[in-house]
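Enquirer: Enclosed is the structure file start13.pdb (PDB, C-alpha atoms).
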```
ATOM      1  CA  MET A 250      65.937 -33.731  30.102
ATOM      2  CA  ASN A 251      66.778 -30.164  29.196
ATOM      3  CA  ASP A 252      64.766 -30.324  26.040
ATOM      4  CA  ALA A 253      61.812 -31.732  27.871
ATOM      5  CA  ASP A 254      61.974 -28.971  30.473
ATOM      6  CA  GLN A 255      62.078 -26.325  27.823
ATOM      7  CA  GLY A 256      59.188 -27.851  25.960
ATOM      8  CA  ARG A 257      56.981 -28.086  29.023
ATOM      9  CA  PRO A 258      55.652 -24.536  29.352
ATOM     10  CA  ARG A 259      54.243 -24.624  25.856
ATOM     11  CA  GLN A 260      52.340 -27.873  26.240
ATOM     12  CA  PRO A 261      49.489 -26.893  28.554
ATOM     13  CA  ARG A 262      48.476 -24.166  26.175
ATOM     14  CA  ARG A 263      48.222 -26.580  23.309
ATOM     15  CA  ARG A 264      46.214 -28.979  25.418
ATOM     16  CA  GLU A 265      43.817 -26.264  26.485
ATOM     17  CA  VAL A 266      43.145 -25.382  22.884
ATOM     18  CA  LEU A 267      42.566 -29.033  22.008
ATOM     19  CA  ALA A 268      40.270 -29.493  24.995
ATOM     20  CA  GLY A 269      38.303 -26.437  23.943
ATOM     21  CA  VAL A 270      37.805 -27.862  20.486
ATOM     22  CA  ALA A 271      36.773 -31.248  21.844
ATOM     23  CA  ALA A 272      34.198 -29.671  24.159
ATOM     24  CA  GLY A 273      32.580 -27.925  21.244
ATOM     25  CA  GLY A 274      33.616 -24.534  22.565
ATOM     26  CA  VAL A 275      34.424 -23.388  19.067
ATOM     27  CA  ALA A 276      31.022 -24.409  17.767
ATOM     28  CA  LEU A 277      29.303 -22.420  20.518
ATOM     29  CA  LEU A 278      31.229 -19.281  19.680
ATOM     30  CA  LEU A 279      30.201 -19.348  16.048
ATOM     31  CA  PRO A 280      27.105 -17.328  15.121
ATOM     32  CA  PRO A 281      23.972 -19.349  14.201
ATOM     33  CA  VAL A 282      24.423 -18.673  10.495
ATOM     34  CA  ALA A 283      27.847 -20.254  10.486
ATOM     35  CA  ARG A 284      26.488 -23.286  12.324
ATOM     36  CA  ALA A 285      23.674 -23.749   9.845
ATOM     37  CA  ALA A 286      26.272 -23.872   7.109
ATOM     38  CA  GLU A 287      27.818 -26.807   8.927
ATOM     39  CA  ASN A 288      24.704 -28.827   8.094
ATOM     40  CA  VAL A 289      23.317 -29.182  11.581
ATOM     41  CA  GLY A 290      19.990 -29.871   9.942
ATOM     42  CA  ALA A 291      16.781 -28.261  11.072
ATOM     43  CA  ALA A 292      13.805 -30.200  12.376
ATOM     44  CA  ASN A 293      10.768 -29.193  10.351
ATOM     45  CA  ALA A 294       7.477 -28.869  12.254
ATOM     46  CA  ALA A 295       5.491 -29.023   8.997
ATOM     47  CA  ILE A 296       6.143 -32.765   8.620
ATOM     48  CA  TYR A 297       4.692 -33.572  12.056
ATOM     49  CA  PRO A 298       1.748 -36.011  11.701
ATOM     50  CA  THR A 299      -0.550 -33.987  13.975
ATOM     51  CA  LYS A 300      -3.658 -35.953  13.048
ATOM     52  CA  ALA A 301      -2.145 -39.321  13.944
ATOM     53  CA  PHE A 302      -1.082 -38.044  17.360
ATOM     54  CA  ALA A 303      -4.616 -36.807  18.113
ATOM     55  CA  GLN A 304      -6.254 -40.240  17.722
ATOM     56  CA  LYS A 305      -7.625 -42.078  20.726
ATOM     57  CA  SER A 306      -7.516 -45.650  19.460
ATOM     58  CA  GLU A 307      -4.814 -47.874  18.063
ATOM     59  CA  ALA A 308      -6.631 -48.551  14.798
ATOM     60  CA  ALA A 309      -7.403 -44.877  14.173
ATOM     61  CA  ALA A 310      -3.837 -43.756  14.943
ATOM     62  CA  LEU A 311      -2.323 -46.362  12.627
ATOM     63  CA  GLN A 312      -4.845 -45.518   9.936
ATOM     64  CA  ALA A 313      -3.919 -41.822  10.207
ATOM     65  CA  LEU A 314      -0.178 -42.498  10.255
ATOM     66  CA  PHE A 315       0.181 -45.338   7.732
ATOM     67  CA  GLY A 316      -3.262 -45.801   6.209
ATOM     68  CA  LYS A 317      -3.180 -49.547   6.862
ATOM     69  CA  THR A 318      -3.428 -52.173   9.606
ATOM     70  CA  PRO A 319      -0.550 -54.295  10.911
ATOM     71  CA  VAL A 320      -0.198 -58.057  11.163
ATOM     72  CA  PRO A 321       1.402 -59.532  14.309
ATOM     73  CA  SER A 322       4.951 -60.684  13.647
ATOM     74  CA  ALA A 323       7.648 -62.375  15.704
ATOM     75  CA  LYS A 324      10.196 -60.393  13.718
ATOM     76  CA  VAL A 325       9.295 -57.286  15.656
ATOM     77  CA  THR A 326      10.588 -57.331  19.209
ATOM     78  CA  MET A 327      10.007 -55.036  22.127
ATOM     79  CA  ASP A 328      12.043 -54.840  25.290
ATOM     80  CA  ALA A 329      10.039 -53.299  28.109
ATOM     81  CA  PRO A 330       9.505 -54.049  31.792
ATOM     82  CA  ASP A 331       6.589 -56.290  32.873
ATOM     83  CA  ILE A 332       5.867 -53.939  35.743
ATOM     84  CA  ALA A 333       6.677 -50.241  35.599
ATOM     85  CA  GLU A 334       6.762 -48.713  39.049
ATOM     86  CA  ASN A 335       6.821 -45.183  37.682
ATOM     87  CA  GLY A 336       4.600 -44.625  34.675
ATOM     88  CA  ALA A 337       6.319 -41.309  33.945
ATOM     89  CA  VAL A 338       9.503 -43.007  32.784
ATOM     90  CA  VAL A 339       9.099 -46.416  31.171
ATOM     91  CA  PRO A 340      12.065 -47.549  29.078
ATOM     92  CA  VAL A 341      10.873 -49.199  25.875
ATOM     93  CA  ALA A 342      13.217 -50.549  23.218
ATOM     94  CA  VAL A 343      12.080 -51.729  19.798
ATOM     95  CA  ASP A 344      13.973 -53.908  17.364
ATOM     96  CA  SER A 345      13.149 -55.796  14.200
ATOM     97  CA  SER A 346      14.856 -58.396  12.059
ATOM     98  CA  LEU A 347      12.764 -57.377   9.044
ATOM     99  CA  PRO A 348      14.661 -55.922   6.089
ATOM    100  CA  ASP A 349      14.291 -52.329   4.898
ATOM    101  CA  VAL A 350      12.360 -50.949   7.834
ATOM    102  CA  THR A 351      11.181 -47.460   6.955
ATOM    103  CA  MET A 352       9.100 -46.522   9.985
ATOM    104  CA  VAL A 353       8.827 -47.527  13.637
ATOM    105  CA  ALA A 354       5.964 -46.457  15.878
ATOM    106  CA  LEU A 355       5.055 -47.041  19.519
ATOM    107  CA  LEU A 356       1.486 -46.899  20.765
ATOM    108  CA  ALA A 357       0.050 -47.133  24.266
ATOM    109  CA  GLU A 358      -3.554 -48.252  24.056
ATOM    110  CA  ASP A 359      -4.860 -46.740  27.294
ATOM    111  CA  ASN A 360      -3.044 -43.415  27.109
ATOM    112  CA  PRO A 361      -5.193 -40.317  26.448
ATOM    113  CA  PHE A 362      -3.692 -40.212  22.972
ATOM    114  CA  THR A 363      -2.703 -43.614  21.655
ATOM    115  CA  LEU A 364       0.316 -42.797  19.505
ATOM    116  CA  ALA A 365       3.380 -42.168  21.676
ATOM    117  CA  CYS A 366       6.139 -41.722  19.124
ATOM    118  CA  ALA A 367       7.118 -42.604  15.586
ATOM    119  CA  TYR A 368      10.485 -42.719  13.854
ATOM    120  CA  LYS A 369      11.340 -42.433  10.196
ATOM    121  CA  ILE A 370      14.230 -44.771   9.413
ATOM    122  CA  PRO A 371      16.310 -43.919   6.346
ATOM    123  CA  PRO A 372      18.380 -46.675   4.667
ATOM    124  CA  GLY A 373      21.434 -47.545   6.762
ATOM    125  CA  THR A 374      19.846 -46.777  10.108
ATOM    126  CA  SER A 375      19.030 -49.673  12.397
ATOM    127  CA  PRO A 376      15.374 -50.164  13.417
ATOM    128  CA  ALA A 377      16.553 -50.738  17.000
ATOM    129  CA  ILE A 378      15.533 -47.660  18.952
ATOM    130  CA  SER A 379      15.250 -47.181  22.681
ATOM    131  CA  SER A 380      13.515 -44.328  24.395
ATOM    132  CA  ARG A 381      11.336 -43.650  27.402
ATOM    133  CA  LEU A 382       7.579 -43.317  27.468
ATOM    134  CA  LYS A 383       4.913 -42.053  29.834
ATOM    135  CA  LEU A 384       2.094 -44.508  30.527
ATOM    136  CA  ALA A 385      -1.096 -43.265  32.166
ATOM    137  CA  LYS A 386      -2.040 -46.667  33.588
ATOM    138  CA  THR A 387      -1.593 -50.382  33.013
ATOM    139  CA  THR A 388      -1.797 -50.736  29.268
ATOM    140  CA  LYS A 389      -0.985 -52.719  26.187
ATOM    141  CA  VAL A 390       1.972 -51.157  24.381
ATOM    142  CA  VAL A 391       2.191 -51.867  20.673
ATOM    143  CA  ALA A 392       5.325 -51.601  18.556
ATOM    144  CA  VAL A 393       4.707 -51.286  14.838
ATOM    145  CA  THR A 394       7.287 -51.359  12.050
ATOM    146  CA  GLU A 395       6.771 -50.696   8.381
ATOM    147  CA  SER A 396       8.841 -52.868   6.077
ATOM    148  CA  GLY A 397       8.434 -53.108   2.329
ATOM    149  CA  GLY A 398       5.164 -51.197   2.504
ATOM    150  CA  LYS A 399       3.588 -53.601   5.012
ATOM    151  CA  LEU A 400       2.989 -53.186   8.729
ATOM    152  CA  TYR A 401       4.134 -55.646  11.376
ATOM    153  CA  SER A 402       3.453 -55.390  15.069
ATOM    154  CA  THR A 403       4.089 -56.876  18.453
ATOM    155  CA  ASP A 404       2.518 -55.965  21.760
ATOM    156  CA  LYS A 405       3.114 -56.297  25.445
ATOM    157  CA  GLN A 406       1.039 -55.633  28.529
ATOM    158  CA  ILE A 407       2.865 -53.335  30.915
ATOM    159  CA  LYS A 408       1.592 -53.061  34.477
ATOM    160  CA  VAL A 409       1.887 -49.539  35.812
ATOM    161  CA  THR A 410       1.804 -49.035  39.576
ATOM    162  CA  LEU A 411       1.979 -45.230  39.470
ATOM    163  CA  GLY A 412       0.468 -43.460  36.474
ATOM    164  CA  GLY A 413       2.552 -40.968  34.553
ATOM    165  CA  CYS A 414      -0.013 -38.679  32.965
ATOM    166  CA  GLY A 415      -1.387 -36.982  36.081
TER
ATOM    167  CA  MET B  40      21.627 -22.968  27.927
ATOM    168  CA  ALA B  41      17.942 -23.403  28.526
ATOM    169  CA  HIS B  42      17.557 -26.035  25.853
ATOM    170  CA  GLN B  43      20.390 -28.392  26.431
ATOM    171  CA  ILE B  44      21.038 -31.456  24.292
ATOM    172  CA  LEU B  45      23.648 -33.953  25.390
ATOM    173  CA  VAL B  46      24.897 -36.214  22.623
ATOM    174  CA  ARG B  47      27.299 -39.108  22.668
ATOM    175  CA  ALA B  48      28.181 -40.987  19.522
ATOM    176  CA  GLN B  49      30.525 -43.944  19.380
ATOM    177  CA  THR B  50      31.558 -46.019  16.434
ATOM    178  CA  ALA B  51      32.417 -49.711  16.599
ATOM    179  CA  GLY B  52      32.394 -52.509  14.041
ATOM    180  CA  GLY B  53      31.222 -50.312  11.172
ATOM    181  CA  SER B  54      28.191 -48.858  12.892
ATOM    182  CA  THR B  55      27.725 -45.784  15.018
ATOM    183  CA  THR B  56      25.599 -45.687  18.147
ATOM    184  CA  VAL B  57      24.113 -42.344  19.079
ATOM    185  CA  GLU B  58      22.736 -41.559  22.519
ATOM    186  CA  ALA B  59      21.038 -38.261  23.180
ATOM    187  CA  LEU B  60      19.522 -36.707  26.276
ATOM    188  CA  VAL B  61      17.327 -33.717  25.550
ATOM    189  CA  LYS B  62      16.350 -31.261  28.270
ATOM    190  CA  HIS B  63      12.656 -30.535  27.794
ATOM    191  CA  PRO B  64       9.611 -30.479  30.130
ATOM    192  CA  MET B  65       7.472 -32.547  27.698
ATOM    193  CA  ASP B  66       4.267 -31.355  29.424
ATOM    194  CA  SER B  67       1.371 -33.503  28.287
ATOM    195  CA  GLY B  68      -1.416 -31.047  29.052
ATOM    196  CA  PHE B  69      -3.017 -33.465  31.537
ATOM    197  CA  VAL B  70      -0.962 -32.600  34.606
ATOM    198  CA  LYS B  71      -2.100 -29.999  37.131
ATOM    199  CA  ASP B  72       0.293 -27.652  38.868
ATOM    200  CA  ALA B  73       0.349 -26.947  42.625
ATOM    201  CA  ALA B  74      -2.514 -24.461  42.258
ATOM    202  CA  GLY B  75      -4.684 -27.079  40.547
ATOM    203  CA  LYS B  76      -4.458 -25.481  37.131
ATOM    204  CA  LEU B  77      -3.666 -27.578  34.085
ATOM    205  CA  ILE B  78      -0.166 -27.084  32.730
ATOM    206  CA  PRO B  79      -0.620 -26.476  28.990
ATOM    207  CA  PRO B  80       0.923 -29.010  26.613
ATOM    208  CA  HIS B  81       4.526 -28.305  25.737
ATOM    209  CA  TYR B  82       6.418 -31.077  24.016
ATOM    210  CA  ILE B  83       8.898 -31.750  21.237
ATOM    211  CA  GLU B  84       7.165 -32.661  17.990
ATOM    212  CA  VAL B  85      10.019 -33.375  15.607
ATOM    213  CA  ILE B  86      13.623 -34.293  16.349
ATOM    214  CA  GLU B  87      16.158 -34.885  13.628
ATOM    215  CA  PHE B  88      19.604 -36.479  13.710
ATOM    216  CA  THR B  89      22.149 -35.965  10.950
ATOM    217  CA  HIS B  90      25.504 -37.522  10.145
ATOM    218  CA  ASN B  91      27.752 -35.173   8.156
ATOM    219  CA  GLY B  92      24.618 -33.317   7.074
ATOM    220  CA  LYS B  93      22.662 -36.422   5.966
ATOM    221  CA  VAL B  94      19.529 -37.282   7.965
ATOM    222  CA  VAL B  95      19.951 -40.568   9.843
ATOM    223  CA  LEU B  96      16.793 -40.458  11.975
ATOM    224  CA  THR B  97      13.636 -38.379  12.160
ATOM    225  CA  GLY B  98      11.582 -38.782  15.305
ATOM    226  CA  PHE B  99       7.979 -37.683  15.801
ATOM    227  CA  TRP B 100       7.199 -37.354  19.468
ATOM    228  CA  GLY B 101       3.866 -36.971  21.186
ATOM    229  CA  PRO B 102       3.186 -35.838  24.741
ATOM    230  CA  ALA B 103       3.582 -39.466  25.872
ATOM    231  CA  VAL B 104       7.363 -39.241  25.586
ATOM    232  CA  SER B 105       8.948 -38.801  29.010
ATOM    233  CA  GLN B 106      10.315 -35.566  30.395
ATOM    234  CA  ASN B 107      13.940 -34.909  29.415
ATOM    235  CA  PRO B 108      13.734 -37.548  26.674
ATOM    236  CA  PHE B 109      16.468 -40.061  26.106
ATOM    237  CA  ILE B 110      16.944 -41.813  22.800
ATOM    238  CA  LYS B 111      19.404 -44.374  21.546
ATOM    239  CA  PHE B 112      19.776 -45.633  17.991
ATOM    240  CA  ALA B 113      22.455 -46.789  15.560
ATOM    241  CA  PHE B 114      23.301 -46.349  11.915
ATOM    242  CA  LYS B 115      25.789 -47.989   9.552
ATOM    243  CA  GLY B 116      29.010 -46.161   8.796
ATOM    244  CA  GLY B 117      30.409 -43.138  10.518
ATOM    245  CA  LYS B 118      33.951 -42.655  11.672
ATOM    246  CA  SER B 119      35.684 -40.928  14.506
ATOM    247  CA  GLY B 120      35.509 -37.155  14.133
ATOM    248  CA  ASP B 121      32.394 -37.098  11.918
ATOM    249  CA  ALA B 122      29.756 -34.527  12.834
ATOM    250  CA  ILE B 123      26.463 -35.622  14.401
ATOM    251  CA  GLY B 124      23.810 -32.928  14.333
ATOM    252  CA  VAL B 125      20.690 -32.876  16.488
ATOM    253  CA  SER B 126      17.832 -30.433  16.113
ATOM    254  CA  TRP B 127      14.275 -30.295  17.440
ATOM    255  CA  VAL B 128      11.170 -28.155  17.251
ATOM    256  CA  ASP B 129       8.341 -28.232  19.807
ATOM    257  CA  ASN B 130       4.614 -27.460  19.674
ATOM    258  CA  LYS B 131       5.274 -23.852  20.721
ATOM    259  CA  GLY B 132       7.687 -23.338  17.851
ATOM    260  CA  GLU B 133      10.771 -23.291  20.050
ATOM    261  CA  THR B 134      13.836 -24.900  18.541
ATOM    262  CA  ALA B 135      17.294 -26.023  19.581
ATOM    263  CA  ASN B 136      20.204 -27.708  17.913
ATOM    264  CA  THR B 137      23.679 -28.935  18.648
ATOM    265  CA  THR B 138      26.504 -30.805  17.021
ATOM    266  CA  ALA B 139      28.831 -33.420  18.424
ATOM    267  CA  LYS B 140      31.701 -35.414  17.051
ATOM    268  CA  ILE B 141      31.780 -39.198  16.880
ATOM    269  CA  MET B 142      34.233 -40.450  19.470
TER
END
```
In C-alpha cells, how does this file's structure come out?

Expert:
Amino acid sequence: MNDADQGRPRQPRRREVLAGVAAGGVALLLPPVARAAENVGAANAAIYPTKAFAQKSEAAALQALFGKTPVPSAKVTMDAPDIAENGAVVPVAVDSSLPDVTMVALLAEDNPFTLACAYKIPPGTSPAISSRLKLAKTTKVVAVTESGGKLYSTDKQIKVTLGGCG
Amino acid sequence: MAHQILVRAQTAGGSTTVEALVKHPMDSGFVKDAAGKLIPPHYIEVIEFTHNGKVVLTGFWGPAVSQNPFIKFAFKGGKSGDAIGVSWVDNKGETANTTAKIM
C-alpha cells in the first residue's frame, strides 16, 4: 500500500507524456524538414493525368488514362446504392478478384467530366477501395481495373434524386 | 490546422486497413455561390499514402470526388506502431501531410 501511494504522484506525468506521443503531439512540434526525413512522402502534382480528367466521355477518358478499352468482367465488383438521395455524397466501393491489379478507376458517364478518380495500386495493396463521389444526375457509374495489362470493367446505374454538381 | 487529415490504421490478420478523412472543399467549378458567381475549381489532384516510407496507394482525384473526401483501403503487412504517411497536393498547389501510427 505504502509503495503504491508513493508511486502514485509520478504516474500521471508518465501517462501524459505517453498520451502526447500517441496523439502525434511530438510530430507536430517537429519542423517540416525533420518530418520530411521521416519519409512522410510527398504527393507529386506532376504525375496527375490532367488530360484524362478533362475528357467528357467514357471512351475518351479511358483512352487518355490507359490507352485501351475495357471488357466487362464479373471479377470486378462495385458496391454502390441503387438510389442516391444526395448526389453530392455517393459512397462507391470497388473490389476485384483479379490478380495483380495495378490501377483502379471510377467513371460517371453523365458527369461534366467523366473520370471521377483513379488509384495506382502497388503490389501488396488490395484493389478494394471505398470513397465518395459527386454525381450530377442519374448516371451509369463504371468501375475499371487494370490487371496484367488488360482492362476489366463493371457498371451500375445509380439514380440520383438531388444532383451534386450544382 | 486549415488542412486537416484524420487517419486511422488498424492491422488484423496480416493486412492493414487505412481510413482517412481529408478536410478539403473539393470545389468542382460548377457550383455558384450565394451571389450567383461560379466558385472556381479547387480540388485535390494527387493523394499519396505511405507505409514506413514505401508508397502503398496513389490516388488521382478529379472534381467529382466529394467534399471532405473519405477513403478506405487495405494493404498486406504492417504492424502496430508502423508509420502511415498521407500527403496531398491540390490544383492550386496547396499541400498538406500527416503521419499516423498503426493501432

Enquirer: Under the rule that all atoms listed in the file are counted, which of A:Phe315, A:Phe362, A:Tyr368, A:Phe302 is the nearest residue to A:Lys399?

Expert: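 Residue with the minimum atom-to-atom distance to A:Lys399: A:Phe315.
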
Enquirer: Care to translate the PyMOL selection byres ((chain B) within 7 of (chain A)) into actual residues of this file, as an mmCIF file with C-alpha atoms, in the coordinates of the input?

Expert:
```cif
data_model
loop_
_atom_site.group_PDB
_atom_site.id
_atom_site.type_symbol
_atom_site.label_atom_id
_atom_site.label_comp_id
_atom_site.auth_asym_id
_atom_site.auth_seq_id
_atom_site.Cartn_x
_atom_site.Cartn_y
_atom_site.Cartn_z
ATOM 1 C CA PHE B 69 -3.017 -33.465 31.537
ATOM 2 C CA VAL B 70 -0.962 -32.600 34.606
ATOM 3 C CA GLU B 84 7.165 -32.661 17.990
ATOM 4 C CA VAL B 85 10.019 -33.375 15.607
ATOM 5 C CA ILE B 86 13.623 -34.293 16.349
ATOM 6 C CA GLU B 87 16.158 -34.885 13.628
ATOM 7 C CA THR B 89 22.149 -35.965 10.950
ATOM 8 C CA GLY B 92 24.618 -33.317 7.074
ATOM 9 C CA VAL B 95 19.951 -40.568 9.843
ATOM 10 C CA LEU B 96 16.793 -40.458 11.975
ATOM 11 C CA THR B 97 13.636 -38.379 12.160
ATOM 12 C CA GLY B 98 11.582 -38.782 15.305
ATOM 13 C CA PHE B 99 7.979 -37.683 15.801
ATOM 14 C CA TRP B 100 7.199 -37.354 19.468
ATOM 15 C CA GLY B 101 3.866 -36.971 21.186
ATOM 16 C CA ALA B 103 3.582 -39.466 25.872
ATOM 17 C CA VAL B 104 7.363 -39.241 25.586
ATOM 18 C CA SER B 105 8.948 -38.801 29.010
ATOM 19 C CA PRO B 108 13.734 -37.548 26.674
ATOM 20 C CA PHE B 109 16.468 -40.061 26.106
ATOM 21 C CA ILE B 110 16.944 -41.813 22.800
ATOM 22 C CA LYS B 111 19.404 -44.374 21.546
ATOM 23 C CA PHE B 112 19.776 -45.633 17.991
ATOM 24 C CA ALA B 113 22.455 -46.789 15.560
ATOM 25 C CA PHE B 114 23.301 -46.349 11.915
ATOM 26 C CA LYS B 115 25.789 -47.989 9.552
ATOM 27 C CA GLY B 124 23.810 -32.928 14.333
ATOM 28 C CA VAL B 125 20.690 -32.876 16.488
ATOM 29 C CA SER B 126 17.832 -30.433 16.113
ATOM 30 C CA TRP B 127 14.275 -30.295 17.440
ATOM 31 C CA VAL B 128 11.170 -28.155 17.251
ATOM 32 C CA THR B 138 26.504 -30.805 17.021
#
```

Enquirer: For A:Glu334, list every protein, DNA or RNA residue within 7 Å, evaluated using all atoms listed in the file, and leave out those in the same chain fewer than 5 positions away; present the list as a list in words.

Expert: Val409, Thr410 and Leu411 of chain A

Enquirer: Put a box with edges along x, y and z around all the listed atoms of stretch 49-52 of chain B, pad it by 6 Å on each side, then give me its centre and sizes in Å, one decimal, as JSON.

Expert:
```
{"center_x": 31.5, "center_y": -48.2, "center_z": 16.7, "size_x": 13.9, "size_y": 20.6, "size_z": 17.3}
```

Enquirer: Suppose you want the space between atom CA of A:Thr387 and atom CA of A:Lys405; what is it in Å?

Expert: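 Spanning atom CA of A:Thr387 to atom CA of A:Lys405 is a straight-line distance of 10.7 Å.
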
Enquirer: Pick out the residues sitting within 7 Å of B:Gln106, and hand them over as a count of residues only; count all atoms listed in the file, and ignore anything fewer than 3 positions along from it in its own chain.

Expert: 3

Enquirer: Select all residues near (1.3, -27.4, 31.8) (cut-off 7 Å, inclusive, file coordinates), counting all atoms listed in the file, and output them as number ranges by chain.

Expert: B: 66, 68, 70-71, 77-81

Enquirer: Could you pull the residues within 7 Å of B:Ile123, counting all atoms listed in the file, minus those fewer than 3 positions along the same chain, as a PyMOL selection string?

Expert: chain B and resi 88-91+138-141

Enquirer: Between B:Ala73, B:Gly120, B:Val94, B:Asn107, which is the closest to B:Thr50 once you count all atoms listed in the file?

Expert: B:Gly120

Enquirer: One decimal, in Å: what's the spacing between atom CA of B:Ser67 and atom CA of A:Asp404?

Expert: 23.4 Å

Enquirer: What does the distance between atom CA of A:Pro319 and atom CA of A:Tyr401 come to in Å, to one decimal place?

Expert: 4.9 Å

Enquirer: Can you translate the PyMOL selection byres ((chain A and resi 403) around 6) into the concrete residues it hits in this file, as a ChimeraX atom specification?

Expert: /A:321,325,391-392,402,404

Enquirer: Print the selection's residues with C-alpha atoms to a file, as a PDB file, keeping the file's coordinate frame.

Expert:
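out_2.pdb, written as the output of this step:
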```pdb
ATOM      1  CA  PRO A 321       1.402 -59.532  14.309  1.00  0.00           C
ATOM      2  CA  VAL A 325       9.295 -57.286  15.656  1.00  0.00           C
ATOM      3  CA  VAL A 391       2.191 -51.867  20.673  1.00  0.00           C
ATOM      4  CA  ALA A 392       5.325 -51.601  18.556  1.00  0.00           C
ATOM      5  CA  SER A 402       3.453 -55.390  15.069  1.00  0.00           C
ATOM      6  CA  ASP A 404       2.518 -55.965  21.760  1.00  0.00           C
TER       7      ASP A 404
END
```

Enquirer: If we draw a sphere of 6 Å around (12.7, -56.6, 15.7), which residues have at least one atom in it when counting all atoms listed in the file? Please report them as a list of chain:residue names.

Expert: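 Residues close enough to count: A:Lys324, A:Val325, A:Thr326, A:Asp344, A:Ser345, A:Ser346.
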
Enquirer: Report as a list in words the full result of the PyMOL selection byres ((chain B and resi 58) around 7) when it is applied to this structure.

Expert: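 For this structure, the PyMOL selection byres ((chain B and resi 58) around 7) resolves to Val46, Arg47, Ala48, Thr56, Val57, Ala59, Leu60, Ile110, Lys111 and Phe112 of chain B.
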
Enquirer: Can you work out which one of A:Val341, A:Val320, A:Ala310, A:Val390 has the shortest atom-to-atom distance to A:Asp359, counting only C-alpha atoms?

Expert: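 Using only C-alpha atoms, the shortest distance to A:Asp359 belongs to A:Val390.
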
Enquirer: Choose the residue, out of B:Ala122, B:Leu45, B:Val61, B:Ala74, that has the smallest atom-to-atom separation from B:Met142; count only C-alpha atoms.

Expert: B:Ala122

Enquirer: Supply stretch 348-362 of chain A as a PDB file, in the frame of the given file, with N, CA and C atoms built in where the input has gaps.

Expert:
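Wrote it out as part05.pdb, contents follow:
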```pdb
ATOM      1  N   PRO A 348      13.787 -56.768   6.916  1.00  0.00           N
ATOM      2  CA  PRO A 348      14.661 -55.922   6.089  1.00  0.00           C
ATOM      3  C   PRO A 348      13.986 -54.609   5.710  1.00  0.00           C
ATOM      4  N   ASP A 349      14.775 -53.617   5.419  1.00  0.00           N
ATOM      5  CA  ASP A 349      14.291 -52.329   4.898  1.00  0.00           C
ATOM      6  C   ASP A 349      13.155 -51.717   5.719  1.00  0.00           C
ATOM      7  N   VAL A 350      13.377 -51.593   6.998  1.00  0.00           N
ATOM      8  CA  VAL A 350      12.360 -50.949   7.834  1.00  0.00           C
ATOM      9  C   VAL A 350      12.392 -49.440   7.570  1.00  0.00           C
ATOM     10  N   THR A 351      11.230 -48.880   7.282  1.00  0.00           N
ATOM     11  CA  THR A 351      11.181 -47.460   6.955  1.00  0.00           C
ATOM     12  C   THR A 351      10.569 -46.618   8.068  1.00  0.00           C
ATOM     13  N   MET A 352       9.790 -47.265   8.938  1.00  0.00           N
ATOM     14  CA  MET A 352       9.100 -46.522   9.985  1.00  0.00           C
ATOM     15  C   MET A 352       8.955 -47.412  11.214  1.00  0.00           C
ATOM     16  N   VAL A 353       9.083 -46.822  12.382  1.00  0.00           N
ATOM     17  CA  VAL A 353       8.827 -47.527  13.637  1.00  0.00           C
ATOM     18  C   VAL A 353       7.895 -46.642  14.450  1.00  0.00           C
ATOM     19  N   ALA A 354       6.871 -47.253  15.049  1.00  0.00           N
ATOM     20  CA  ALA A 354       5.964 -46.457  15.878  1.00  0.00           C
ATOM     21  C   ALA A 354       5.652 -47.197  17.169  1.00  0.00           C
ATOM     22  N   LEU A 355       5.440 -46.463  18.228  1.00  0.00           N
ATOM     23  CA  LEU A 355       5.055 -47.041  19.519  1.00  0.00           C
ATOM     24  C   LEU A 355       3.715 -46.457  19.935  1.00  0.00           C
ATOM     25  N   LEU A 356       2.803 -47.347  20.353  1.00  0.00           N
ATOM     26  CA  LEU A 356       1.486 -46.899  20.765  1.00  0.00           C
ATOM     27  C   LEU A 356       1.141 -47.474  22.129  1.00  0.00           C
ATOM     28  N   ALA A 357       0.528 -46.674  22.959  1.00  0.00           N
ATOM     29  CA  ALA A 357       0.050 -47.133  24.266  1.00  0.00           C
ATOM     30  C   ALA A 357      -1.463 -47.033  24.249  1.00  0.00           C
ATOM     31  N   GLU A 358      -2.120 -48.199  24.303  1.00  0.00           N
ATOM     32  CA  GLU A 358      -3.554 -48.252  24.056  1.00  0.00           C
ATOM     33  C   GLU A 358      -4.382 -47.415  25.031  1.00  0.00           C
ATOM     34  N   ASP A 359      -4.024 -47.421  26.304  1.00  0.00           N
ATOM     35  CA  ASP A 359      -4.860 -46.740  27.294  1.00  0.00           C
ATOM     36  C   ASP A 359      -4.362 -45.350  27.659  1.00  0.00           C
ATOM     37  N   ASN A 360      -3.437 -44.813  26.894  1.00  0.00           N
ATOM     38  CA  ASN A 360      -3.044 -43.415  27.109  1.00  0.00           C
ATOM     39  C   ASN A 360      -4.134 -42.501  26.539  1.00  0.00           C
ATOM     40  N   PRO A 361      -4.185 -41.231  26.988  1.00  0.00           N
ATOM     41  CA  PRO A 361      -5.193 -40.317  26.448  1.00  0.00           C
ATOM     42  C   PRO A 361      -5.109 -40.219  24.919  1.00  0.00           C
ATOM     43  N   PHE A 362      -3.899 -40.133  24.413  1.00  0.00           N
ATOM     44  CA  PHE A 362      -3.692 -40.212  22.972  1.00  0.00           C
ATOM     45  C   PHE A 362      -2.845 -41.452  22.725  1.00  0.00           C
TER      46      PHE A 362
END
```
